[in-house]
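Below: the structure, in structure tokens.
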Amino acid sequence: MVLPVEPEFEQALNELTQSLQPFLAANPQYQKALDIVQVPERVLQFRVVWEDDNGVPQVNRGFRVQYNSALGPYKGGLRLHPSVNLSILKFLGFEQIFKNALTGLSMGGGKGGSDFDPKGKSDSEIRRFCAAFMGELFRHIGEDTDVPAGDIGTGAREIGFLFGAYKKLKNEFVGMLTGKGLDWGGSFIRPEATGYGLVYFVDHMIAKSCPDFSLKLSTTIVAISGSGNVSQFTALKVIELGATVKSLSDSKGSLIASEGFTKHDILSIGQLKLKGGTLESWAGEQTGNRFTYYAGKRPWTLIPVVHHALPGATQNEVSGEEAEALIAAGVRVIAEGSNMGCTEEAIKVFEDARRAGKGVWYAPGKAANCGGVAVSGLEMAQNSQRLAWTTEEVDTKLKNIMAEAYVQCLNAGSKWSGETLPDGVLPSLLAGANVAGFIKVADAMREQGDWW
């Protein structure tokens, strides 16, 4: 059920609907489940009034889309960014339902946030905003109801302020947020989880489709967009394994490393980003000619040879034209670290190349980047048991979850893509992720009486 002002949600719904057509043709009774699952169980919108450092009241819009609770409590991040609106949050919450299903953990789907912009704000202003935001949200969330997490603009600082505000309002210490500090209920590997999980998923794709371009080889070229949490830890894991990362980007432009980024480079960029700095300013501080900065450009057309492309910034950051450029550069694996990172035109380019037997393989974000919410689910489990697992325990569980998500997508894509594939042509992970997640959620909804 799409409203005329919801382009991002319409795009996400169209992608799912198209992927489900072969499955629905064989199982027409599930059409009713699709009709029902696309309508959120609850949408909350509220006013957030907070005081700036000059004592002036400011107002923002707050949202929480509690989309589907068939598999567990609503679970999904809180995004703080000027672009936040209901269409974007519905798209993110809708994707979250099926992403969470692929993890195998007991989590429903939801998303929330505000059009508040943390950039340029003092710590005191952000603290006052978080207190005001939680002053309404606390009525609607809880460890067994809805467990938000971080997202764009919502990092460790904001999670701390939000948790503290909830604790004061409710007078209880419970795991109603994930991404918490390690000393007060957080989990090891949580900051790294989305980036690490993406690389673990990609590793399985490479092993099946193009082992000659293993991440263990320094000759394997990886293009990454973004320079926030997801992109930093994606790059660090790729570098740790041995491949070469040649690009990062931010909202101002792209930074290309002719010989590849080092671990020290990524850590230095991470420190700069915590202070609100830009890649352009970081590049200006470096000596030598290792880096080239391109203002106003994304990285996909700037590298002559690319073996694996990992979008990690935001939605619709790879266009159809850029997808063609990546194929011309020799790309083999495209896996989204961001949610819906590729436009519909780009996905068509990648899927057409796959069907043509060119060895190009695309994985959507709901599968490839589910590691972040998976470790959030593991954090919830640790909170429920009042204990903390070691880094090694959490990392092992994350690897197993990503391996299982890959197998689910591969099997469902092989069975339900509606394609008759000649030998050597890879199955659709796009169809596989959508169908596997949908079946799990739809079956739970039917058993709970949500459709019949």
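We label chains A, B, ... in the order they appear in the structure tokens, count residues from 1 in each chain, and number ligands from 1 in the order shown.
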
Leaving out Gly413 of chain A and any residue of its chain fewer than 2 positions from it, which residues lie within 10 Å of it when counting only C-alpha atoms, given as a ChimeraX atom specification? /A:19,407-411,415-419,426-436

Please list as an MDAnalysis selection string every residue within 7 Å of segment 148-156 of chain A, counting only C-alpha atoms and excluding residues in the same chain fewer than 4 positions away. chainID A and resid 75:81 118 160 177:180

Which residues come within 9 Å of segment 341-347 of chain A, counting only C-alpha atoms, excluding same-chain residues fewer than 2 positions away, as an NGL selection string? :A and (11 or 15 or 311-324 or 335-339 or 349-352 or 362 or 364-365 or 430)

Env of Phe188 of chain A: 8 Å cut, atoms = only C-alpha atoms, seq-sep filter 6 positions within chain, self excluded. Answer as number ranges by chain. A: 182, 389-391, 394

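Among the candidate residues A:Tyr67, A:Trp452, A:Phe91, A:Phe23, the one lying nearest to Asp146 of chain A is A:Tyr67, with distances computed using only C-alpha atoms.
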
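The nearest approach to Asn289 of chain A among the residues A:Ser258, A:Ser251, A:Asn383, A:Gln66, with only C-alpha atoms taken into account, belongs to A:Ser258.
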
Give me, please, the distance in Å between atom CA of Trp50 of chain A and atom CA of Leu137 of chain A, quoted to one decimal. 14.4 Å
